[in-house]
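Chemist: The file below is model_10.json, JSON, C-alpha atoms and all ligand atoms:
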[["chain", "number", "residue", "atom", "x", "y", "z"],
["A", 110, "MET", "CA", 31.59, -30.25, 15.49],
["A", 111, "ARG", "CA", 27.89, -29.91, 15.02],
["A", 112, "VAL", "CA", 25.99, -32.34, 12.79],
["A", 113, "TYR", "CA", 22.90, -31.08, 11.04],
["A", 114, "GLY", "CA", 20.04, -33.09, 9.60],
["A", 115, "ALA", "CA", 19.12, -33.33, 5.96],
["A", 116, "ALA", "CA", 19.04, -29.99, 4.19],
["A", 117, "PRO", "CA", 15.52, -28.59, 3.82],
["A", 118, "ALA", "CA", 14.21, -28.04, 0.33],
["A", 119, "ALA", "CA", 15.17, -24.64, -1.06],
["A", 120, "PRO", "CA", 12.28, -22.19, -0.68],
["A", 121, "ASP", "CA", 11.10, -20.07, -3.56],
["A", 122, "GLY", "CA", 12.41, -16.50, -3.73],
["A", 123, "LEU", "CA", 9.43, -14.82, -2.13],
["A", 124, "ALA", "CA", 9.41, -17.28, 0.77],
["A", 125, "ALA", "CA", 13.12, -16.66, 1.38],
["A", 126, "VAL", "CA", 12.58, -12.89, 1.41],
["A", 127, "ARG", "CA", 9.56, -13.25, 3.70],
["A", 128, "ARG", "CA", 11.52, -15.45, 6.09],
["A", 129, "GLY", "CA", 14.34, -12.91, 6.08],
["A", 130, "PHE", "CA", 11.86, -10.09, 6.75],
["A", 131, "THR", "CA", 10.65, -11.95, 9.84],
["A", 132, "CYS", "CA", 14.33, -12.27, 10.91],
["A", 133, "ARG", "CA", 14.38, -16.05, 10.42],
["A", 134, "CYS", "CA", 16.71, -18.18, 8.34],
["A", 135, "PRO", "CA", 15.81, -17.73, 4.65],
["A", 136, "ARG", "CA", 16.58, -21.40, 3.99],
["A", 137, "CYS", "CA", 14.59, -23.23, 6.69],
["A", 138, "GLY", "CA", 12.64, -20.49, 8.49],
["A", 139, "GLY", "CA", 13.56, -22.03, 11.84],
["A", 140, "GLY", "CA", 16.80, -20.45, 13.02],
["A", 141, "ARG", "CA", 17.37, -16.84, 13.97],
["A", 142, "LEU", "CA", 19.01, -14.63, 11.36],
["A", 143, "PHE", "CA", 20.33, -11.96, 13.73],
["A", 144, "GLY", "CA", 22.50, -12.37, 16.81],
["A", 145, "ARG", "CA", 22.24, -8.71, 17.74],
["A", 146, "PHE", "CA", 20.28, -5.79, 16.28],
["A", 147, "LEU", "CA", 21.97, -5.70, 12.87],
["A", 148, "LYS", "CA", 24.63, -8.37, 13.38],
["A", 149, "VAL", "CA", 23.82, -11.38, 11.23],
["A", 150, "GLU", "CA", 24.55, -14.78, 12.78],
["A", 151, "HIS", "CA", 27.51, -16.72, 11.41],
["A", 152, "ALA", "CA", 25.24, -19.66, 10.49],
["A", 153, "CYS", "CA", 21.71, -20.89, 11.10],
["A", 154, "SER", "CA", 21.32, -22.78, 14.38],
["A", 155, "ALA", "CA", 18.67, -25.04, 12.86],
["A", 156, "CYS", "CA", 19.94, -26.03, 9.40],
["A", 157, "GLY", "CA", 23.57, -24.85, 9.36],
["A", 158, "GLN", "CA", 23.20, -22.46, 6.39],
["A", 159, "GLU", "CA", 26.08, -20.02, 6.58],
["A", 160, "PHE", "CA", 25.24, -16.31, 6.57],
["A", 161, "HIS", "CA", 28.68, -14.82, 7.19],
["A", 162, "HIS", "CA", 29.28, -14.18, 3.49],
["A", 163, "HIS", "CA", 26.17, -12.04, 2.92],
["A", 164, "ARG", "CA", 26.84, -8.58, 1.48],
["A", 165, "ALA", "CA", 23.82, -6.47, 2.44],
["A", 166, "ASP", "CA", 26.09, -3.42, 2.86],
["A", 167, "ASP", "CA", 24.18, -0.13, 2.51],
["A", 168, "PHE", "CA", 21.18, -1.47, 0.62],
["A", 169, "PRO", "CA", 18.90, -1.93, 3.68],
["A", 170, "PRO", "CA", 19.34, 1.69, 4.88],
["A", 171, "TYR", "CA", 18.62, 2.94, 1.35],
["A", 172, "ILE", "CA", 15.39, 0.94, 1.25],
["A", 173, "VAL", "CA", 14.42, 2.14, 4.74],
["A", 174, "MET", "CA", 15.11, 5.78, 3.82],
["A", 175, "PHE", "CA", 13.02, 5.36, 0.67],
["A", 176, "ILE", "CA", 10.06, 3.89, 2.58],
["A", 177, "VAL", "CA", 10.21, 6.25, 5.56],
["A", 178, "GLY", "CA", 10.76, 9.29, 3.35],
["A", 179, "HIS", "CA", 7.69, 8.52, 1.30],
["A", 180, "LEU", "CA", 5.54, 7.73, 4.35],
["A", 181, "LEU", "CA", 6.57, 10.89, 6.18],
["A", 182, "GLY", "CA", 6.33, 13.05, 3.07],
["A", 183, "TYR", "CA", 2.78, 11.88, 2.51],
["A", 184, "GLY", "CA", 1.99, 12.28, 6.22],
["A", 185, "ILE", "CA", 3.32, 15.83, 6.31],
["A", 186, "TYR", "CA", 1.40, 16.69, 3.15],
["A", 187, "VAL", "CA", -1.89, 15.27, 4.45],
["A", 188, "THR", "CA", -1.41, 16.88, 7.86],
["A", 189, "GLU", "CA", -0.78, 20.28, 6.29],
["A", 190, "MET", "CA", -3.83, 19.96, 4.05],
["A", 191, "LYS", "CA", -6.27, 18.59, 6.66],
["A", 192, "LEU", "CA", -5.04, 20.23, 9.85],
["A", 193, "GLU", "CA", -4.18, 23.78, 8.92],
["A", 194, "GLY", "CA", -2.88, 25.80, 11.80],
["A", 195, "LEU", "CA", -1.16, 22.95, 13.57],
["A", 196, "PRO", "CA", 1.59, 24.59, 15.65],
["A", 197, "LEU", "CA", 5.10, 24.34, 14.27],
["A", 198, "ALA", "CA", 6.28, 22.81, 17.57],
["A", 199, "VAL", "CA", 3.99, 19.82, 16.99],
["A", 200, "HIS", "CA", 5.53, 19.30, 13.56],
["A", 201, "ALA", "CA", 9.02, 19.71, 15.00],
["A", 202, "LEU", "CA", 8.37, 17.00, 17.57],
["A", 203, "LEU", "CA", 6.16, 14.63, 15.60],
["A", 204, "TRP", "CA", 7.98, 14.07, 12.31],
["A", 205, "PRO", "CA", 11.57, 13.61, 13.51],
["A", 206, "SER", "CA", 10.36, 11.29, 16.29],
["A", 207, "LEU", "CA", 8.29, 9.28, 13.85],
["A", 208, "ALA", "CA", 11.24, 9.11, 11.44],
["A", 209, "ILE", "CA", 13.53, 7.70, 14.14],
["A", 210, "VAL", "CA", 10.97, 5.15, 15.33],
["A", 211, "LEU", "CA", 10.13, 3.98, 11.80],
["A", 212, "CYS", "CA", 13.78, 3.70, 10.79],
["A", 213, "LEU", "CA", 14.65, 1.64, 13.86],
["A", 214, "ALA", "CA", 11.58, -0.54, 13.40],
["A", 215, "LEU", "CA", 12.22, -1.23, 9.72],
["A", 216, "LEU", "CA", 15.99, -1.58, 9.57],
["A", 217, "GLN", "CA", 16.30, -5.12, 10.93],
["A", 218, "PRO", "CA", 13.42, -6.66, 8.92],
["A", 219, "VAL", "CA", 14.57, -4.94, 5.74],
["A", 220, "LYS", "CA", 18.13, -6.16, 6.23],
["A", 221, "GLY", "CA", 16.75, -9.66, 6.80],
["A", 222, "ALA", "CA", 14.75, -9.37, 3.58],
["A", 223, "VAL", "CA", 17.89, -8.28, 1.69],
["A", 224, "VAL", "CA", 19.82, -11.28, 3.05],
["A", 225, "GLY", "CA", 16.86, -13.50, 2.08],
["A", 226, "LEU", "CA", 16.91, -12.02, -1.42],
["A", 227, "GLN", "CA", 20.63, -12.68, -1.72],
["A", 228, "TYR", "CA", 20.01, -16.25, -0.60],
["A", 229, "ALA", "CA", 17.16, -16.70, -3.10],
["A", 230, "LEU", "CA", 19.29, -15.35, -5.97],
["A", 231, "GLY", "CA", 22.37, -17.33, -4.94],
["A", 232, "MET", "CA", 24.43, -14.16, -4.55],
["A", 233, "HIS", "CA", 27.62, -13.60, -2.53],
["A", 234, "GLY", "CA", 28.34, -17.19, -1.50],
["A", 235, "PHE", "CA", 24.72, -18.32, -1.18],
["A", 236, "GLY", "CA", 25.24, -20.67, -4.10],
["A", 237, "ARG", "CA", 23.83, -24.12, -4.37],
["A", 238, "PRO", "CA", 24.47, -26.59, -1.53],
["A", 239, "PRO", "CA", 28.07, -27.82, -1.39],
["A", 240, "ALA", "CA", 26.97, -31.46, -1.90],
["A", 241, "ASP", "CA", 25.52, -30.62, -5.32],
["A", 242, "ALA", "CA", 28.59, -28.59, -6.24],
["A", 243, "ALA", "CA", 30.87, -31.49, -5.23],
["A", 244, "VAL", "CA", 28.85, -33.95, -7.35],
["A", 245, "GLN", "CA", 28.95, -31.59, -10.33],
["A", 246, "SER", "CA", 32.65, -31.00, -9.81],
["A", 247, "ARG", "CA", 33.40, -34.75, -9.74],
["A", 248, "ALA", "CA", 31.27, -35.29, -12.83],
["A", 249, "GLY", "CA", 33.15, -32.49, -14.56],
["A", 250, "ASP", "CA", 36.52, -34.01, -13.56],
["A", 251, "GLU", "CA", 35.49, -37.41, -14.95],
["A", 252, "GLY", "CA", 34.38, -35.78, -18.19],
["A", 253, "GLU", "CA", 37.79, -34.11, -18.49],
["A", 254, "ARG", "CA", 39.62, -37.39, -17.83],
["A", 255, "ARG", "CA", 37.58, -39.18, -20.52],
["A", 256, "ALA", "CA", 38.35, -36.43, -23.00],
["A", 257, "ARG", "CA", 42.14, -36.92, -22.53],
["B", 301, "ZN", "ZN", 18.17, -22.45, 8.68]]
Take the structure in the file and give it back as C-alpha cells.
Modeler:
Amino acid sequence: MRVYGAAPAAPDGLAAVRRGFTCRCPRCGGGRLFGRFLKVEHACSACGQEFHHHRADDFPPYIVMFIVGHLLGYGIYVTEMKLEGLPLAVHALLWPSLAIVLCLALLQPVKGAVVGLQYALGMHGFGRPPADAAVQSRAGDEGERRAR
C-alpha cells in the first residue's frame, strides 16, 4: 500500500486544463498523466489522484479534427491564393503528411486537456476528495438521527 502526503489544494479550472495539456496530473501538476501514448495512468504517482474513471471517449479526436481541419483548410486556401501553379503532387504530399503529423502531435495534449477539464468540473468520478465526502456523509447521518 502506498501512502501519499497531504492532498494539494485544488487548482482552478484553467490550471487543471493547462496541466492536462502538458500531460501532467491536473490535480498536482507533478505526476505523469499518460502511461503510454493515449493510455491514461490508473492514478497519479505524485498525489494519488485516480484517473481510471475519466471518460474522455471521442471528444479529444473531435477537437483535434476541428483544429487540424481549420489549420489545413486555411493553409490550403492561402497556398492556392499566394502560390498559384504549385504542382498537384506537392499538394498531394504536403497536406496529408501535415494532417497526420498535426493529429499525432495534438492528440495526447488535447486528451490530457479533456481529462483536466473533467477533473476541474468534477465530472465522471472526479468529485470532491473522499475525506470531504466522508465528513459530509457523517454530518448528514447525524442530522438524520437527530431528526428521528
Ligand atoms: Zn497528482
Chemist: If you measure from CA of Leu147 (chain A) to CA of Lys220 (chain A), what distance in Å do you get, rounded to one decimal?
Modeler: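 Calculated distance between CA of Leu147 (chain A) and CA of Lys220 (chain A) is 7.7 Å.
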Chemist: Quick one: pull the distance between CA of Val210 (chain A) and CA of Ala229 (chain A), Å, one decimal.
Modeler: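 Going from CA of Val210 (chain A) over to CA of Ala229 (chain A) covers 29.2 Å.
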Chemist: Quick check, in Å to one decimal: how far apart do CA of Trp204 (chain A) and CA of Pro218 (chain A) lie?
Modeler: 21.7 Å
Chemist: Could you make a table, as JSON lines, of the residues of chain A that have an atom within 8 Å of an atom of ligand ZN 301 (chain B), each with its nearest atom pair and distance in Å to one decimal, counting only C-alpha atoms and all ligand atoms, in chain and number order?
Modeler:
{"residue": "A:Arg133", "atom": "CA", "partner": "B:ZN301", "partner_atom": "ZN", "distance": 7.6}
{"residue": "A:Cys134", "atom": "CA", "partner": "B:ZN301", "partner_atom": "ZN", "distance": 4.5}
{"residue": "A:Pro135", "atom": "CA", "partner": "B:ZN301", "partner_atom": "ZN", "distance": 6.6}
{"residue": "A:Arg136", "atom": "CA", "partner": "B:ZN301", "partner_atom": "ZN", "distance": 5.1}
{"residue": "A:Cys137", "atom": "CA", "partner": "B:ZN301", "partner_atom": "ZN", "distance": 4.2}
{"residue": "A:Gly138", "atom": "CA", "partner": "B:ZN301", "partner_atom": "ZN", "distance": 5.9}
{"residue": "A:Gly139", "atom": "CA", "partner": "B:ZN301", "partner_atom": "ZN", "distance": 5.6}
{"residue": "A:Gly140", "atom": "CA", "partner": "B:ZN301", "partner_atom": "ZN", "distance": 5.0}
{"residue": "A:Arg141", "atom": "CA", "partner": "B:ZN301", "partner_atom": "ZN", "distance": 7.8}
{"residue": "A:Ala152", "atom": "CA", "partner": "B:ZN301", "partner_atom": "ZN", "distance": 7.8}
{"residue": "A:Cys153", "atom": "CA", "partner": "B:ZN301", "partner_atom": "ZN", "distance": 4.6}
{"residue": "A:Ser154", "atom": "CA", "partner": "B:ZN301", "partner_atom": "ZN", "distance": 6.5}
{"residue": "A:Ala155", "atom": "CA", "partner": "B:ZN301", "partner_atom": "ZN", "distance": 4.9}
{"residue": "A:Cys156", "atom": "CA", "partner": "B:ZN301", "partner_atom": "ZN", "distance": 4.1}
{"residue": "A:Gly157", "atom": "CA", "partner": "B:ZN301", "partner_atom": "ZN", "distance": 5.9}
{"residue": "A:Gln158", "atom": "CA", "partner": "B:ZN301", "partner_atom": "ZN", "distance": 5.5}
Chemist: Excluding His200 (chain A) and any residue of its chain fewer than 3 positions from it, enumerate the residues within 12 Å of it, using all atoms listed in the file, and give them as number ranges by chain.
Modeler: A: 181, 184-186, 188-189, 192-197, 203-208
